[in-house]
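Enquirer: The structure under discussion is supplied below as structure tokens; questions concerning it will follow.
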Amino acid sequence: DGGITQSPKYLFRKEGQNVTLSCEQNLNHDAMYWYRQDPGQGLRLIYYSQIVNDFQKGDIAEGYSVSREKKESFPLTVTSAQKNPTAFYLCASSIDWGRNQPQHFGDGTRLSIL
Amino acid sequence: DAKTTQPNSMESNEEEPVHLPCNHSTISGTDYIHWYRQLPSQGPEYVIHGLTSNVNNRMASLAIAEDRKSSTLILHRATLRDAAVYYCILRDQTNQGGKLIFGQGTELSVKP
């Protein structure tokens, strides 16, 4: 079945460590997104990519980095500069960047600090 | 960005219809109205979207007011699996139109 796969489901980070969250899609979608969700809150956009080899900062990009070298992959690195990384991270994709296109989400990665 | 207002929570009985309201009084003529829902510990799931006319799909119906300042998501027969947080989102024509801006949403509980 086509869909979005995020891994791992749970991740623990030590102080000063960078960690990378994986996001893969086999929907042949051009656009991909990373969101962060804190408890009891809505989602906030971290980074987005409208097409392969291109990406843009979202509303809360500080302390995060991404790459989009392949159409199907959009990994997110949480760097040591992100001082409050504990959250639920969600990856999404859509056919394109258009405002009438639904976004399809993965099941998320829950990141905690050791 | 145009904003939406939803009730914080609603209750429904199983197998009864549910009407989830959303106010968006500052909507512009080209904003799309999208609905997503999120079950606990899962990613959001697309439900339905529309521009001006009412829309139906296998999951729900979307009723849009004639002046477009409000809309209602209709679940025709609620099941226990419909218990979730429902988000009403406007998407505009600017370059930022691709992103979803999530508010607090409506937490729907369904009683057996």
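Identifiers in this document derive from the order of the structure tokens: chains are assigned A, B, ..., residues are numbered from 1 separately in each chain, and ligands are numbered from 1 in order of occurrence.
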Using only C-alpha atoms, find each residue in chain A having at least one atom no more than 12 Å away from chain B; report its shortest atom-to-atom pair and that distance in Å (one decimal), rows by chain then rising number, as CSV.

Expert:
```
residue,atom,partner,partner_atom,distance
A:Ile4,CA,B:Gly43,CA,10.5
A:Thr5,CA,B:Gly43,CA,11.2
A:Gln6,CA,B:Gly43,CA,10.5
A:Lys9,CA,B:Ser41,CA,10.5
A:Tyr10,CA,B:Ser41,CA,11.5
A:Asp30,CA,B:Gly98,CA,12.0
A:Ala31,CA,B:Gly98,CA,8.9
A:Met32,CA,B:Lys99,CA,10.1
A:Tyr33,CA,B:Lys99,CA,8.3
A:Trp34,CA,B:Lys99,CA,10.2
A:Tyr35,CA,B:Leu100,CA,9.5
A:Arg36,CA,B:Gly43,CA,10.8
A:Gln37,CA,B:Gly43,CA,9.9
A:Asp38,CA,B:Ser41,CA,11.6
A:Pro39,CA,B:Ser41,CA,10.4
A:Gly40,CA,B:Gln104,CA,8.0
A:Gln41,CA,B:Gln104,CA,6.3
A:Gly42,CA,B:Phe102,CA,5.0
A:Leu43,CA,B:Phe102,CA,5.6
A:Arg44,CA,B:Ile101,CA,7.1
A:Leu45,CA,B:Lys99,CA,7.4
A:Ile46,CA,B:Lys99,CA,10.4
A:Tyr47,CA,B:Lys99,CA,9.9
A:Tyr48,CA,B:Lys99,CA,8.3
A:Ser49,CA,B:Gly98,CA,10.2
A:Gln50,CA,B:Gly98,CA,8.9
A:Gln56,CA,B:Gln96,CA,10.8
A:Lys57,CA,B:Gln96,CA,11.2
A:Gly58,CA,B:Lys99,CA,8.7
A:Asp59,CA,B:Lys99,CA,10.1
A:Ala87,CA,B:Ser41,CA,11.5
A:Phe88,CA,B:Ser41,CA,8.5
A:Tyr89,CA,B:Gly43,CA,9.0
A:Leu90,CA,B:Gly43,CA,6.5
A:Cys91,CA,B:Gly43,CA,8.4
A:Ala92,CA,B:Gly43,CA,8.8
A:Ser93,CA,B:Gly98,CA,10.6
A:Ser94,CA,B:Gly98,CA,9.1
A:Ile95,CA,B:Gly98,CA,10.8
A:Asp96,CA,B:Gly98,CA,8.2
A:Trp97,CA,B:Gly98,CA,4.8
A:Gly98,CA,B:Gly98,CA,5.5
A:Arg99,CA,B:Gly98,CA,5.1
A:Asn100,CA,B:Tyr32,CA,6.5
A:Gln101,CA,B:Gly98,CA,8.1
A:Pro102,CA,B:Tyr46,CA,6.4
A:Gln103,CA,B:Tyr46,CA,6.8
A:His104,CA,B:Glu45,CA,6.8
A:Phe105,CA,B:Gly43,CA,5.5
A:Gly106,CA,B:Gly43,CA,5.8
A:Asp107,CA,B:Gly43,CA,4.9
A:Gly108,CA,B:Gly43,CA,6.0
A:Thr109,CA,B:Gln42,CA,9.6
A:Arg110,CA,B:Ser41,CA,9.1
```

Enquirer: Dump as JSON lines the rows for residues of stretch 28-102 of chain B within 10 Å of stretch 20-23 of chain B: closest atom pair and distance in Å with one decimal, only C-alpha atoms counted, ordered by chain and rising residue number.

Expert:
```
{"residue": "B:Ile33", "atom": "CA", "partner": "B:Cys22", "partner_atom": "CA", "distance": 9.8}
{"residue": "B:Trp35", "atom": "CA", "partner": "B:Cys22", "partner_atom": "CA", "distance": 9.8}
{"residue": "B:Leu62", "atom": "CA", "partner": "B:Leu20", "partner_atom": "CA", "distance": 9.6}
{"residue": "B:Ala63", "atom": "CA", "partner": "B:Pro21", "partner_atom": "CA", "distance": 9.5}
{"residue": "B:Ile64", "atom": "CA", "partner": "B:Cys22", "partner_atom": "CA", "distance": 9.7}
{"residue": "B:Ala65", "atom": "CA", "partner": "B:Asn23", "partner_atom": "CA", "distance": 9.9}
{"residue": "B:Arg68", "atom": "CA", "partner": "B:Asn23", "partner_atom": "CA", "distance": 9.0}
{"residue": "B:Lys69", "atom": "CA", "partner": "B:Asn23", "partner_atom": "CA", "distance": 6.1}
{"residue": "B:Ser70", "atom": "CA", "partner": "B:Asn23", "partner_atom": "CA", "distance": 4.3}
{"residue": "B:Ser71", "atom": "CA", "partner": "B:Cys22", "partner_atom": "CA", "distance": 5.3}
{"residue": "B:Thr72", "atom": "CA", "partner": "B:Pro21", "partner_atom": "CA", "distance": 4.5}
{"residue": "B:Leu73", "atom": "CA", "partner": "B:Leu20", "partner_atom": "CA", "distance": 5.0}
{"residue": "B:Ile74", "atom": "CA", "partner": "B:Leu20", "partner_atom": "CA", "distance": 6.4}
{"residue": "B:Leu75", "atom": "CA", "partner": "B:Leu20", "partner_atom": "CA", "distance": 8.3}
{"residue": "B:Tyr86", "atom": "CA", "partner": "B:Leu20", "partner_atom": "CA", "distance": 8.3}
{"residue": "B:Tyr87", "atom": "CA", "partner": "B:Cys22", "partner_atom": "CA", "distance": 9.0}
{"residue": "B:Cys88", "atom": "CA", "partner": "B:Cys22", "partner_atom": "CA", "distance": 6.5}
{"residue": "B:Ile89", "atom": "CA", "partner": "B:Cys22", "partner_atom": "CA", "distance": 9.1}
```

Enquirer: Need the shell around A:Gln82: protein/DNA/RNA residues with any atom at most 7 Å away, counting only C-alpha atoms. Skip same-chain ones fewer than 4 positions apart. Format as a PDB file with N, CA and C atoms, in the first residue's frame?

Expert:
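Below is the file around_33.pdb, written as the result:
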```pdb
ATOM      1  N   GLU A  62      14.355  26.925  13.751  1.00  0.00           N
ATOM      2  CA  GLU A  62      15.610  27.043  14.510  1.00  0.00           C
ATOM      3  C   GLU A  62      15.906  25.758  15.277  1.00  0.00           C
ATOM      4  N   GLY A  63      17.153  25.254  15.108  1.00  0.00           N
ATOM      5  CA  GLY A  63      17.560  24.041  15.790  1.00  0.00           C
ATOM      6  C   GLY A  63      17.280  22.769  15.015  1.00  0.00           C
ATOM      7  N   TYR A  64      16.765  22.913  13.803  1.00  0.00           N
ATOM      8  CA  TYR A  64      16.453  21.776  12.941  1.00  0.00           C
ATOM      9  C   TYR A  64      17.140  21.944  11.584  1.00  0.00           C
ATOM     10  N   VAL A  78      17.370  16.830  14.287  1.00  0.00           N
ATOM     11  CA  VAL A  78      17.177  17.692  15.451  1.00  0.00           C
ATOM     12  C   VAL A  78      18.553  17.916  16.053  1.00  0.00           C
TER      13      VAL A  78
END
```

Enquirer: Hey, what's within 8 Å of A:Lys71 if we count only C-alpha atoms and toss same-chain stuff fewer than 3 positions away? As a list in words, please?

Expert: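 Close residues of A:Lys71: Asn28, His29, Asp30, Ile51, Val52, Arg68 and Phe74 of chain A.
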
Enquirer: Got a sec: who's within 12 Å of B:Leu80, counting only C-alpha atoms, leaving out chain neighbours fewer than 6 positions off, as a list of chain:residue names?

Expert: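 Here the qualifying residues turn out to be B:Glu11, B:Ser12, B:Asn13, B:Glu14, B:Glu15, B:Glu16, B:Leu39, B:Leu108, B:Ser109, B:Val110, B:Lys111, B:Pro112.
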
Enquirer: So the first atom is atom CA of A:Ser80 and the second is atom CA of A:Val19; what is the distance between them in Å, to one decimal place?

Expert: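 Those two atoms sit 8.6 Å apart.
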
Enquirer: Looking at only C-alpha atoms, which of B:Ala84, B:Arg77, B:Gly29, B:Glu107 is the one that sits closest to B:Thr52?

Expert: B:Gly29

Enquirer: Tell me, in Å to one decimal, how far atom CA of B:Thr106 is from atom CA of B:Glu66.

Expert: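 Going from atom CA of B:Thr106 over to atom CA of B:Glu66, I get 22.9 Å.
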